[in-house]
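Visitor: Please find structure11.txt (compact mmCIF, C-alpha atoms) on the next line:
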```txt
# COMPACT_ATOMS: atom_id res chain seq x y z
CA MET A 1 -58.76 87.37 -68.38
CA ARG A 2 -60.68 86.61 -65.19
CA ILE A 3 -62.32 89.58 -63.47
CA CYS A 4 -61.66 90.28 -59.79
CA PRO A 5 -62.55 93.29 -57.58
CA VAL A 6 -59.45 95.44 -58.11
CA LEU A 7 -59.96 99.19 -57.81
CA LEU A 8 -59.12 100.98 -61.05
CA VAL A 9 -59.87 104.64 -61.77
CA LEU A 10 -60.02 106.33 -65.14
CA PHE A 11 -56.45 107.06 -66.25
CA VAL A 12 -57.05 110.66 -67.31
CA THR A 13 -58.77 111.50 -64.02
CA LEU A 14 -55.96 109.95 -62.01
CA THR A 15 -53.28 111.70 -64.01
CA LEU A 16 -54.91 115.07 -63.56
CA GLY A 17 -55.45 114.33 -59.87
CA LEU A 18 -51.81 113.45 -59.32
CA ALA A 19 -50.60 116.49 -61.23
CA SER A 20 -52.83 118.90 -59.31
CA SER A 21 -52.56 117.40 -55.83
CA ALA A 22 -48.91 118.27 -55.25
CA GLN A 23 -46.22 120.59 -56.51
CA GLU A 24 -42.90 119.41 -57.89
CA ALA A 25 -40.71 118.52 -54.93
CA GLY A 26 -37.39 120.25 -54.46
CA THR A 27 -34.21 118.41 -55.34
CA PRO A 28 -33.25 116.13 -52.44
CA ASP A 29 -29.72 115.83 -51.02
CA GLU A 30 -29.94 112.05 -51.44
CA LEU A 31 -31.68 109.81 -53.94
CA THR A 32 -33.07 106.42 -52.95
CA VAL A 33 -33.53 104.01 -55.84
CA VAL A 34 -35.51 100.76 -55.84
CA ALA A 35 -35.78 98.00 -58.46
CA TYR A 36 -38.81 95.75 -58.08
CA ASN A 37 -40.17 92.95 -60.25
CA VAL A 38 -43.85 93.09 -59.30
CA GLU A 39 -44.75 89.71 -60.88
CA ASN A 40 -47.53 89.76 -63.43
CA TYR A 41 -49.23 92.98 -62.39
CA PHE A 42 -52.19 92.69 -64.78
CA ASP A 43 -55.39 94.71 -64.53
CA VAL A 44 -58.99 93.52 -65.05
CA PHE A 45 -59.19 94.58 -68.69
CA ASP A 46 -58.31 92.03 -71.35
CA ASP A 47 -55.77 93.15 -73.94
CA PRO A 48 -56.66 91.21 -77.12
CA TYR A 49 -53.21 91.94 -78.56
CA SER A 50 -51.20 90.17 -75.85
CA ASP A 51 -51.08 86.55 -74.73
CA ASP A 52 -52.13 87.27 -71.15
CA ASP A 53 -55.20 85.04 -70.86
CA GLY A 54 -53.34 82.38 -68.91
CA THR A 55 -52.28 84.80 -66.16
CA ALA A 56 -54.57 85.78 -63.31
CA VAL A 57 -55.44 89.40 -62.59
CA LYS A 58 -53.32 90.84 -59.78
CA ALA A 59 -55.35 90.55 -56.60
CA ARG A 60 -56.07 93.71 -54.65
CA VAL A 61 -54.35 92.33 -51.55
CA GLN A 62 -51.18 91.78 -53.61
CA ILE A 63 -51.33 95.28 -55.08
CA GLN A 64 -51.63 96.68 -51.58
CA ALA A 65 -48.63 94.58 -50.50
CA LEU A 66 -46.58 96.02 -53.39
CA ALA A 67 -47.57 99.53 -52.33
CA ASN A 68 -46.76 98.78 -48.69
CA ALA A 69 -43.26 97.65 -49.64
CA ILE A 70 -42.70 100.74 -51.78
CA ALA A 71 -43.95 102.96 -48.97
CA ALA A 72 -41.66 101.28 -46.44
CA LEU A 73 -38.65 101.78 -48.71
CA ASP A 74 -39.54 105.47 -49.19
CA ALA A 75 -37.79 105.51 -52.57
CA ASP A 76 -37.48 108.57 -54.76
CA VAL A 77 -37.39 106.46 -57.94
CA VAL A 78 -38.82 102.95 -58.38
CA PHE A 79 -37.98 100.87 -61.45
CA LEU A 80 -40.67 98.25 -62.02
CA GLN A 81 -40.74 95.10 -64.13
CA GLU A 82 -43.77 93.00 -65.16
CA ILE A 83 -46.43 95.72 -65.02
CA GLU A 84 -49.11 95.75 -67.69
CA ASN A 85 -49.85 99.41 -68.27
CA GLU A 86 -49.74 102.96 -66.97
CA ALA A 87 -53.34 102.93 -65.73
CA ALA A 88 -52.59 100.05 -63.38
CA LEU A 89 -49.57 101.88 -61.98
CA VAL A 90 -51.37 105.20 -61.56
CA GLY A 91 -54.27 103.36 -59.95
CA MET A 92 -51.99 101.82 -57.32
CA VAL A 93 -50.51 105.23 -56.52
CA ALA A 94 -53.91 106.92 -56.28
CA GLU A 95 -55.38 104.21 -54.06
CA PHE A 96 -52.49 103.20 -51.82
CA LEU A 97 -49.75 105.85 -52.19
CA PRO A 98 -51.62 109.16 -52.62
CA ASP A 99 -49.28 111.13 -50.36
CA ALA A 100 -45.99 109.49 -51.40
CA GLY A 101 -45.09 112.25 -53.84
CA TYR A 102 -44.97 110.15 -57.00
CA LEU A 103 -45.85 112.77 -59.61
CA HIS A 104 -44.42 110.73 -62.49
CA ALA A 105 -45.76 107.30 -63.47
CA ILE A 106 -44.55 105.87 -66.77
CA VAL A 107 -45.16 102.44 -68.32
CA MET A 108 -43.92 101.65 -71.82
CA PRO A 109 -44.78 98.62 -74.00
CA THR A 110 -42.08 96.03 -74.57
CA ASN A 111 -41.51 93.12 -76.93
CA SER A 112 -43.10 90.72 -74.43
CA THR A 113 -45.95 88.78 -76.01
CA ARG A 114 -47.45 88.38 -72.52
CA GLY A 115 -47.69 92.13 -72.01
CA ILE A 116 -45.27 92.36 -69.08
CA ASN A 117 -43.89 95.85 -69.45
CA LEU A 118 -41.45 98.23 -67.77
CA GLY A 119 -42.48 101.13 -65.56
CA VAL A 120 -41.08 103.93 -63.42
CA LEU A 121 -42.42 105.84 -60.43
CA SER A 122 -40.52 109.02 -59.63
CA ARG A 123 -40.63 111.94 -57.25
CA VAL A 124 -37.92 113.77 -59.18
CA PRO A 125 -38.66 115.23 -62.63
CA VAL A 126 -38.47 112.86 -65.59
CA LEU A 127 -36.85 114.63 -68.53
CA SER A 128 -37.30 111.88 -71.11
CA ALA A 129 -38.22 108.23 -71.55
CA THR A 130 -36.83 106.23 -74.48
CA SER A 131 -37.45 102.67 -75.66
CA HIS A 132 -34.68 100.53 -77.18
CA ARG A 133 -36.98 97.62 -78.03
CA TRP A 134 -36.27 97.77 -81.78
CA LYS A 135 -32.53 98.43 -81.59
CA PRO A 136 -30.53 95.42 -82.87
CA PHE A 137 -27.42 94.25 -81.05
CA PHE A 138 -25.06 91.27 -81.09
CA HIS A 139 -23.62 88.63 -78.82
CA PRO A 140 -20.05 89.63 -77.86
CA ASP A 141 -18.61 86.19 -78.66
CA ASP A 142 -20.69 85.17 -81.69
CA PRO A 143 -18.77 85.45 -84.98
CA SER A 144 -21.98 84.96 -86.97
CA ARG A 145 -23.13 88.45 -85.92
CA GLU A 146 -26.71 87.25 -85.59
CA PRO A 147 -28.81 90.27 -84.56
CA TYR A 148 -30.78 90.18 -81.34
CA TYR A 149 -33.50 92.41 -79.90
CA PHE A 150 -34.48 92.79 -76.26
CA ALA A 151 -36.94 90.11 -75.16
CA ARG A 152 -38.70 92.95 -73.31
CA ASP A 153 -36.92 96.29 -73.64
CA LEU A 154 -34.18 98.49 -72.30
CA GLN A 155 -36.08 101.50 -70.96
CA GLU A 156 -33.92 104.62 -70.76
CA ILE A 157 -35.04 107.31 -68.31
CA HIS A 158 -33.34 110.70 -67.86
CA LEU A 159 -33.92 112.21 -64.42
CA ASP A 160 -33.40 115.77 -63.26
CA VAL A 161 -31.52 115.49 -59.96
CA GLY A 162 -30.46 119.12 -59.74
CA ARG A 163 -27.18 119.07 -61.63
CA ASP A 164 -26.18 120.20 -65.11
CA ALA A 165 -26.30 116.67 -66.50
CA PRO A 166 -29.18 114.24 -65.89
CA LEU A 167 -28.98 110.93 -64.10
CA ILE A 168 -29.40 108.35 -66.88
CA ALA A 169 -31.18 105.19 -65.79
CA PHE A 170 -31.71 101.93 -67.67
CA ASN A 171 -34.68 99.87 -66.51
CA VAL A 172 -33.72 96.25 -67.21
CA HIS A 173 -35.63 92.98 -67.54
CA LEU A 174 -33.48 90.43 -69.33
CA LYS A 175 -34.66 87.22 -71.00
CA SER A 176 -36.27 84.75 -68.61
CA ASN A 177 -34.84 81.46 -67.39
CA SER A 178 -38.10 79.53 -67.31
CA SER A 179 -37.96 78.57 -71.00
CA ARG A 180 -34.30 77.59 -71.02
CA ASP A 181 -34.82 73.83 -71.41
CA GLY A 182 -37.04 74.36 -74.43
CA ASP A 183 -35.09 77.32 -75.76
CA PRO A 184 -31.37 76.65 -76.20
CA ARG A 185 -30.87 80.30 -77.23
CA SER A 186 -32.19 81.62 -73.91
CA MET A 187 -28.84 81.90 -72.11
CA LYS A 188 -27.13 83.25 -75.24
CA TRP A 189 -29.91 85.79 -75.78
CA ARG A 190 -29.70 87.01 -72.18
CA THR A 191 -25.92 87.40 -72.43
CA ALA A 192 -26.30 89.43 -75.62
CA GLU A 193 -28.80 91.67 -73.79
CA ALA A 194 -26.37 92.14 -70.91
CA ALA A 195 -23.65 93.11 -73.38
CA ALA A 196 -26.02 95.66 -74.93
CA VAL A 197 -26.68 97.21 -71.50
CA LYS A 198 -22.94 97.46 -70.93
CA ASP A 199 -22.36 98.92 -74.41
CA ALA A 200 -25.02 101.58 -73.81
CA THR A 201 -23.32 102.56 -70.55
CA ARG A 202 -19.87 102.55 -72.14
CA ALA A 203 -21.08 104.91 -74.88
CA ILE A 204 -22.32 107.41 -72.30
CA LEU A 205 -19.09 107.24 -70.29
CA ALA A 206 -17.01 107.68 -73.46
CA ASP A 207 -18.51 111.17 -73.74
CA ASP A 208 -18.41 111.89 -70.02
CA PRO A 209 -16.47 109.58 -67.68
CA GLU A 210 -18.10 111.32 -64.71
CA ALA A 211 -21.65 110.66 -65.91
CA TRP A 212 -24.17 109.27 -63.45
CA VAL A 213 -25.67 106.08 -64.86
CA ILE A 214 -27.80 103.37 -63.28
CA ALA A 215 -28.83 99.99 -64.69
CA ALA A 216 -31.48 98.53 -62.39
CA GLY A 217 -33.97 95.70 -62.54
CA ASP A 218 -34.35 91.96 -63.02
CA PHE A 219 -31.31 90.60 -64.86
CA ASN A 220 -32.39 86.94 -64.52
CA SER A 221 -28.74 86.08 -63.97
CA ASP A 222 -26.89 85.27 -60.76
CA PHE A 223 -23.34 86.47 -60.20
CA MET A 224 -22.60 83.24 -58.34
CA VAL A 225 -22.26 79.73 -59.82
CA ALA A 226 -25.31 78.62 -61.79
CA PRO A 227 -27.04 75.46 -60.47
CA ASP A 228 -26.54 73.60 -63.76
CA GLN A 229 -23.18 75.02 -64.77
CA GLU A 230 -19.55 74.92 -63.70
CA GLY A 231 -19.16 78.70 -63.48
CA PRO A 232 -21.05 81.95 -63.04
CA TRP A 233 -24.06 82.80 -65.21
CA PRO A 234 -22.68 84.30 -68.46
CA ALA A 235 -24.87 87.43 -68.56
CA MET A 236 -23.86 88.75 -65.15
CA ALA A 237 -20.29 87.51 -65.61
CA HIS A 238 -20.05 89.69 -68.72
CA LEU A 239 -21.44 92.74 -66.94
CA ARG A 240 -18.96 92.30 -64.10
CA GLU A 241 -15.89 91.94 -66.34
CA PRO A 242 -13.41 94.83 -66.00
CA GLU A 243 -12.66 96.94 -69.04
CA THR A 244 -9.58 95.98 -71.05
CA ALA A 245 -8.98 99.44 -72.54
CA GLY A 246 -9.96 103.06 -72.21
CA PRO A 247 -10.23 105.32 -69.14
CA PHE A 248 -11.76 102.54 -67.03
CA ARG A 249 -9.18 99.89 -67.90
CA GLY A 250 -9.07 97.30 -65.13
CA LYS A 251 -12.33 98.63 -63.67
CA ARG A 252 -16.02 97.97 -64.24
CA VAL A 253 -18.15 100.51 -66.09
CA LEU A 254 -21.10 99.28 -64.00
CA VAL A 255 -20.45 98.67 -60.31
CA ASP A 256 -22.67 96.29 -58.34
CA VAL A 257 -23.58 98.44 -55.33
CA HIS A 258 -24.60 95.36 -53.31
CA ASP A 259 -21.14 93.80 -53.57
CA GLY A 260 -19.88 92.66 -50.19
CA LEU A 261 -23.22 91.58 -48.77
CA PRO A 262 -23.35 87.96 -47.55
CA ARG A 263 -24.86 85.53 -50.03
CA LYS A 264 -28.09 84.98 -48.07
CA GLN A 265 -28.67 88.73 -47.87
CA ARG A 266 -28.31 88.99 -51.66
CA GLU A 267 -31.13 86.57 -52.54
CA SER A 268 -33.76 88.68 -54.28
CA HIS A 269 -35.60 85.63 -55.63
CA PRO A 270 -36.57 83.24 -52.80
CA GLY A 271 -36.71 80.29 -55.21
CA ASP A 272 -39.46 78.30 -56.91
CA ALA A 273 -40.03 75.24 -59.10
CA PHE A 274 -37.58 76.48 -61.74
CA TYR A 275 -34.52 77.34 -59.64
CA PRO A 276 -33.27 77.60 -56.07
CA PRO A 277 -32.92 80.94 -54.23
CA ALA A 278 -30.92 83.34 -56.39
CA ASN A 279 -29.77 86.91 -56.81
CA PHE A 280 -31.51 88.08 -59.98
CA ASP A 281 -32.19 91.75 -59.16
CA TYR A 282 -29.50 94.43 -59.17
CA ILE A 283 -28.72 98.11 -58.97
CA LEU A 284 -25.57 98.76 -61.00
CA ALA A 285 -24.01 102.23 -61.06
CA SER A 286 -21.34 104.01 -63.06
CA PRO A 287 -18.10 104.60 -61.12
CA ALA A 288 -18.81 108.29 -60.43
CA LEU A 289 -22.25 107.51 -59.06
CA ALA A 290 -21.16 104.36 -57.19
CA ALA A 291 -18.66 106.54 -55.32
CA ARG A 292 -21.65 108.42 -53.91
CA LEU A 293 -23.32 105.33 -52.44
CA VAL A 294 -24.45 105.97 -48.87
CA PRO A 295 -22.70 103.28 -46.75
CA GLY A 296 -25.07 100.58 -45.57
CA SER A 297 -27.94 101.70 -47.79
CA ALA A 298 -27.64 98.94 -50.44
CA ARG A 299 -29.72 95.95 -49.42
CA VAL A 300 -32.38 93.47 -50.45
CA PHE A 301 -35.67 94.26 -48.74
CA ASP A 302 -36.66 90.95 -47.16
CA GLU A 303 -39.45 91.93 -44.76
CA GLU A 304 -41.65 88.87 -45.35
CA ALA A 305 -44.86 90.59 -44.26
CA LEU A 306 -44.32 93.31 -46.88
CA THR A 307 -43.12 91.24 -49.84
CA THR A 308 -46.15 89.01 -50.40
CA GLY A 309 -47.16 90.87 -53.56
CA SER A 310 -44.45 89.35 -55.76
CA ASP A 311 -42.11 86.41 -56.21
CA HIS A 312 -39.18 88.87 -56.15
CA ARG A 313 -37.89 91.06 -53.36
CA PRO A 314 -37.12 94.71 -54.07
CA VAL A 315 -33.52 95.90 -54.03
CA VAL A 316 -32.64 99.38 -52.75
CA ALA A 317 -29.72 101.80 -52.59
CA THR A 318 -29.25 105.47 -51.67
CA PHE A 319 -26.82 107.89 -53.33
CA ARG A 320 -25.56 111.30 -52.24
CA LEU A 321 -26.51 114.04 -54.66
CA SER A 322 -24.60 116.82 -52.91
CA GLU A 323 -21.21 116.85 -51.24
CA GLN A 324 -22.78 117.96 -47.97
CA SER A 325 -25.30 115.12 -47.65
CA GLY A 326 -24.56 111.94 -45.76
CA ARG A 327 -25.71 109.74 -42.92
```
Show me the file's structure as structure tokens.

Guide:
Amino acid sequence: MRICPVLLVLFVTLTLGLASSAQEAGTPDELTVVAYNVENYFDVFDDPYSDDDGTAVKARVQIQALANAIAALDADVVFLQEIENEAALVGMVAEFLPDAGYLHAIVMPTNSTRGINLGVLSRVPVLSATSHRWKPFFHPDDPSREPYYFARDLQEIHLDVGRDAPLIAFNVHLKSNSSRDGDPRSMKWRTAEAAAVKDATRAILADDPEAWVIAAGDFNSDFMVAPDQEGPWPAMAHLREPETAGPFRGKRVLVDVHDGLPRKQRESHPGDAFYPPANFDYILASPALAARLVPGSARVFDEEALTTGSDHRPVVATFRLSEQSGR
């Protein structure tokens, strides 16, 4: 990969510095969540085991723009897609967000051959982080039962938000659209992934219908009509289908917290050579958590001066953690 002057500090030093520079923050009354595809956030070091040579190193000015957007959103938890490794994430925090309170920075490898991985920044304690990259699953409408695996991963994060049960979050980056013309399985693969996200949520809610669950990230699927199709994109259409049985019959197990916003305000991908402006990025919440959404907090962050670090815009939402909180 090409070298450019991006500030990186030794990972161990940064980790120790972050851990010693602040104490664990108290549990907030509200939790602000952001999902942000940071577009090819690669560092200056070449990874010989990934096919990243054709992608430029993330420029320092773009890294600073990413940090500026995160700072402006003042999120408690940030779910990131397309970040190379933990050192790059910790480096951004140490350089540009040293006082933001992000004591937890986690990046886990995925099945991506390009090395675009999933990461989390959190102010609240992270109890566990689990990868589902090797878990097989199936397309809901495919009688052949051909097994699929996540093109990247489904990263499962358990967060301590001050209640008996954790908040369970799935960091999502579904199969891309860019290879669809040369990959007829792309749409089918993405729909199978979406079904797996829904199945994972359904399994949690089967044990506890009041569980707090979030699925957030880049779903690469619009809930509106696809440009080259007669109906909605299958992956998001599947996620939005109401349940046909069980305690949530007639309801969704994952609620789109941005529902109701005008179409233009939903566009998290401004558009490029592959597709027109679209809504690819979501924060979906289980019914019990969606009921705690702070009114007016769910939005797409479209401040142009602060979103120059990526080809996606971050999406944000705030949830009440206590009955007394509110705005």

Visitor: For atom CA of A:Ser186 and atom CA of A:Trp134, quote the distance in Å rounded to one decimal.

Guide: 18.4 Å

Visitor: What are the closest atom pairs, with distances in Å to one decimal, for all residues of stretch 101-218 of chain A lying within 7 Å of stretch 285-297 of chain A? Consider all atoms listed in the file, order rows by chain and residue number, and present the result as JSON lines.

Guide:
```
{"residue": "A:Glu210", "atom": "CA", "partner": "A:Ala288", "partner_atom": "CA", "distance": 5.3}
{"residue": "A:Ala211", "atom": "CA", "partner": "A:Ala288", "partner_atom": "CA", "distance": 6.6}
{"residue": "A:Trp212", "atom": "CA", "partner": "A:Leu289", "partner_atom": "CA", "distance": 5.1}
{"residue": "A:Val213", "atom": "CA", "partner": "A:Ser286", "partner_atom": "CA", "distance": 5.1}
{"residue": "A:Ile214", "atom": "CA", "partner": "A:Ala285", "partner_atom": "CA", "distance": 4.5}
{"residue": "A:Ala215", "atom": "CA", "partner": "A:Ala285", "partner_atom": "CA", "distance": 6.4}
```

Visitor: Please measure the separation of atom CA of A:Phe301 and atom CA of A:Pro277, giving the value in Å to one decimal.

Guide: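 Atom-to-atom, atom CA of A:Phe301 to atom CA of A:Pro277, that is 14.7 Å.
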
Visitor: Quick one: distance from atom CA of A:Ala35 to atom CA of A:Pro247 in Å, one decimal?

Guide: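 Those two atoms sit 28.6 Å apart.
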
Visitor: Nearest residue to A:Val34 out of A:Phe319, A:Trp189, A:Phe96, A:Phe138, using all atoms listed in the file?

Guide: A:Phe319

Visitor: Using all atoms listed in the file, which protein or nucleic acid residues come within 9 Å of A:Gln62? Drop anything in the same chain fewer than 4 positions from it, and give the result as a list in words.

Guide: Lys58, Leu66, Ala67, Thr307, Thr308, Gly309 and Ser310 of chain A

Visitor: For each of A:Pro140, A:Pro147, A:Pro234, A:Pro209, take the minimum atom-to-atom distance to A:Arg190, counting all atoms listed in the file, then give the residue where this is smallest.

Guide: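 Going through A:Pro140, A:Pro147, A:Pro234, A:Pro209 one by one, the smallest distance to A:Arg190 is for A:Pro234.
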
Visitor: Rank A:Leu121, A:Ala278, A:Ala75, A:Leu239 by their smallest atom-to-atom distance to A:Asp311, using only C-alpha atoms, and report the top residue only.

Guide: A:Ala278

Visitor: So that I can check the surroundings of A:Ile157, please list as a ChimeraX atom specification every protein, DNA and RNA residue that reaches within 7 Å of it, counting only C-alpha atoms and ignoring chain neighbours fewer than 6 positions away.

Guide: /A:128-130,168-170

Visitor: Excluding A:Ala196 and residues on its chain fewer than 2 positions from it, collect all residues at most 10 Å away from it, counting all atoms listed in the file, and give them as a list in words.

Guide: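 Once the nearby chain positions are removed, what remains is Lys135, Pro136, Phe137, Phe138, His139, Pro140, Tyr148, Tyr149, Phe150, Leu154, Arg190, Thr191, Ala192, Glu193, Ala194, Lys198, Asp199, Ala200, Thr201, Arg202 and Leu239 of chain A.
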
Visitor: Just write the chosen residues, C-alpha atoms, as a PDB file, in the frame of the given file.

Guide:
```
ATOM      1  CA  LYS A 135     -32.530  98.430 -81.590  1.00  0.00           C
ATOM      2  CA  PRO A 136     -30.530  95.420 -82.870  1.00  0.00           C
ATOM      3  CA  PHE A 137     -27.420  94.250 -81.050  1.00  0.00           C
ATOM      4  CA  PHE A 138     -25.060  91.270 -81.090  1.00  0.00           C
ATOM      5  CA  HIS A 139     -23.620  88.630 -78.820  1.00  0.00           C
ATOM      6  CA  PRO A 140     -20.050  89.630 -77.860  1.00  0.00           C
ATOM      7  CA  TYR A 148     -30.780  90.180 -81.340  1.00  0.00           C
ATOM      8  CA  TYR A 149     -33.500  92.410 -79.900  1.00  0.00           C
ATOM      9  CA  PHE A 150     -34.480  92.790 -76.260  1.00  0.00           C
ATOM     10  CA  LEU A 154     -34.180  98.490 -72.300  1.00  0.00           C
ATOM     11  CA  ARG A 190     -29.700  87.010 -72.180  1.00  0.00           C
ATOM     12  CA  THR A 191     -25.920  87.400 -72.430  1.00  0.00           C
ATOM     13  CA  ALA A 192     -26.300  89.430 -75.620  1.00  0.00           C
ATOM     14  CA  GLU A 193     -28.800  91.670 -73.790  1.00  0.00           C
ATOM     15  CA  ALA A 194     -26.370  92.140 -70.910  1.00  0.00           C
ATOM     16  CA  LYS A 198     -22.940  97.460 -70.930  1.00  0.00           C
ATOM     17  CA  ASP A 199     -22.360  98.920 -74.410  1.00  0.00           C
ATOM     18  CA  ALA A 200     -25.020 101.580 -73.810  1.00  0.00           C
ATOM     19  CA  THR A 201     -23.320 102.560 -70.550  1.00  0.00           C
ATOM     20  CA  ARG A 202     -19.870 102.550 -72.140  1.00  0.00           C
ATOM     21  CA  LEU A 239     -21.440  92.740 -66.940  1.00  0.00           C
TER      22      LEU A 239
END
```

Visitor: For A:Ile106, please output as an mmCIF file with C-alpha atoms, in the frame of the given file all residues within 10 Å (counting only C-alpha atoms; exclusion window: fewer than 2 positions along the same chain).

Guide:
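The new file out.cif reads:
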```
data_model
loop_
_atom_site.group_PDB
_atom_site.id
_atom_site.type_symbol
_atom_site.label_atom_id
_atom_site.label_comp_id
_atom_site.auth_asym_id
_atom_site.auth_seq_id
_atom_site.Cartn_x
_atom_site.Cartn_y
_atom_site.Cartn_z
ATOM 1 C CA PHE A 79 -37.980 100.870 -61.450
ATOM 2 C CA LEU A 80 -40.670 98.250 -62.020
ATOM 3 C CA ASN A 85 -49.850 99.410 -68.270
ATOM 4 C CA GLU A 86 -49.740 102.960 -66.970
ATOM 5 C CA ALA A 87 -53.340 102.930 -65.730
ATOM 6 C CA LEU A 89 -49.570 101.880 -61.980
ATOM 7 C CA VAL A 90 -51.370 105.200 -61.560
ATOM 8 C CA HIS A 104 -44.420 110.730 -62.490
ATOM 9 C CA MET A 108 -43.920 101.650 -71.820
ATOM 10 C CA LEU A 118 -41.450 98.230 -67.770
ATOM 11 C CA GLY A 119 -42.480 101.130 -65.560
ATOM 12 C CA VAL A 120 -41.080 103.930 -63.420
ATOM 13 C CA LEU A 121 -42.420 105.840 -60.430
ATOM 14 C CA SER A 122 -40.520 109.020 -59.630
ATOM 15 C CA VAL A 126 -38.470 112.860 -65.590
ATOM 16 C CA ALA A 129 -38.220 108.230 -71.550
ATOM 17 C CA ILE A 157 -35.040 107.310 -68.310
#
```

Visitor: Between A:Thr110, A:Ser268, A:Asn220, A:Ser176, single out the one closest to A:Gln155, counting all atoms listed in the file.

Guide: A:Thr110

Visitor: Using the block above, I'd like stretch 130-173 of chain A written out, keeping C-alpha atoms and formatting it as a PDB file, in the first residue's frame.

Guide:
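result37.pdb, freshly written:
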```
ATOM      1  CA  THR A 130     -18.472 -12.245  19.558  1.00  0.00           C
ATOM      2  CA  SER A 131     -17.892 -12.996  15.883  1.00  0.00           C
ATOM      3  CA  HIS A 132     -20.424 -14.936  13.789  1.00  0.00           C
ATOM      4  CA  ARG A 133     -18.234 -15.034  10.672  1.00  0.00           C
ATOM      5  CA  TRP A 134     -18.090 -18.850  10.532  1.00  0.00           C
ATOM      6  CA  LYS A 135     -21.714 -19.555  11.435  1.00  0.00           C
ATOM      7  CA  PRO A 136     -23.624 -21.024   8.453  1.00  0.00           C
ATOM      8  CA  PHE A 137     -27.145 -19.872   7.647  1.00  0.00           C
ATOM      9  CA  PHE A 138     -29.666 -20.224   4.834  1.00  0.00           C
ATOM     10  CA  HIS A 139     -31.776 -18.144   2.497  1.00  0.00           C
ATOM     11  CA  PRO A 140     -35.377 -18.096   3.806  1.00  0.00           C
ATOM     12  CA  ASP A 141     -36.881 -18.941   0.405  1.00  0.00           C
ATOM     13  CA  ASP A 142     -34.280 -21.341  -1.010  1.00  0.00           C
ATOM     14  CA  PRO A 143     -35.400 -24.992  -0.915  1.00  0.00           C
ATOM     15  CA  SER A 144     -31.875 -26.168  -1.776  1.00  0.00           C
ATOM     16  CA  ARG A 145     -30.714 -25.141   1.720  1.00  0.00           C
ATOM     17  CA  GLU A 146     -27.396 -23.924   0.329  1.00  0.00           C
ATOM     18  CA  PRO A 147     -25.338 -22.679   3.292  1.00  0.00           C
ATOM     19  CA  TYR A 148     -24.136 -19.093   3.371  1.00  0.00           C
ATOM     20  CA  TYR A 149     -21.628 -17.246   5.550  1.00  0.00           C
ATOM     21  CA  PHE A 150     -21.445 -13.525   6.192  1.00  0.00           C
ATOM     22  CA  ALA A 151     -19.511 -11.704   3.475  1.00  0.00           C
ATOM     23  CA  ARG A 152     -17.976  -9.713   6.350  1.00  0.00           C
ATOM     24  CA  ASP A 153     -19.368 -10.681   9.748  1.00  0.00           C
ATOM     25  CA  LEU A 154     -22.147 -10.159  12.233  1.00  0.00           C
ATOM     26  CA  GLN A 155     -20.352  -8.652  15.224  1.00  0.00           C
ATOM     27  CA  GLU A 156     -22.245  -9.170  18.481  1.00  0.00           C
ATOM     28  CA  ILE A 157     -21.475  -6.735  21.304  1.00  0.00           C
ATOM     29  CA  HIS A 158     -22.950  -6.936  24.813  1.00  0.00           C
ATOM     30  CA  LEU A 159     -23.021  -3.574  26.591  1.00  0.00           C
ATOM     31  CA  ASP A 160     -23.497  -2.822  30.268  1.00  0.00           C
ATOM     32  CA  VAL A 161     -26.064  -0.020  30.399  1.00  0.00           C
ATOM     33  CA  GLY A 162     -26.857  -0.308  34.091  1.00  0.00           C
ATOM     34  CA  ARG A 163     -29.630  -2.885  34.077  1.00  0.00           C
ATOM     35  CA  ASP A 164     -29.753  -6.571  34.953  1.00  0.00           C
ATOM     36  CA  ALA A 165     -29.613  -7.637  31.311  1.00  0.00           C
ATOM     37  CA  PRO A 166     -27.147  -6.211  28.772  1.00  0.00           C
ATOM     38  CA  LEU A 167     -27.996  -4.281  25.650  1.00  0.00           C
ATOM     39  CA  ILE A 168     -27.188  -6.692  22.813  1.00  0.00           C
ATOM     40  CA  ALA A 169     -25.945  -5.001  19.654  1.00  0.00           C
ATOM     41  CA  PHE A 170     -25.286  -6.471  16.219  1.00  0.00           C
ATOM     42  CA  ASN A 171     -22.820  -4.519  14.091  1.00  0.00           C
ATOM     43  CA  VAL A 172     -23.886  -5.148  10.490  1.00  0.00           C
ATOM     44  CA  HIS A 173     -22.221  -4.799   7.089  1.00  0.00           C
TER      45      HIS A 173
END
```
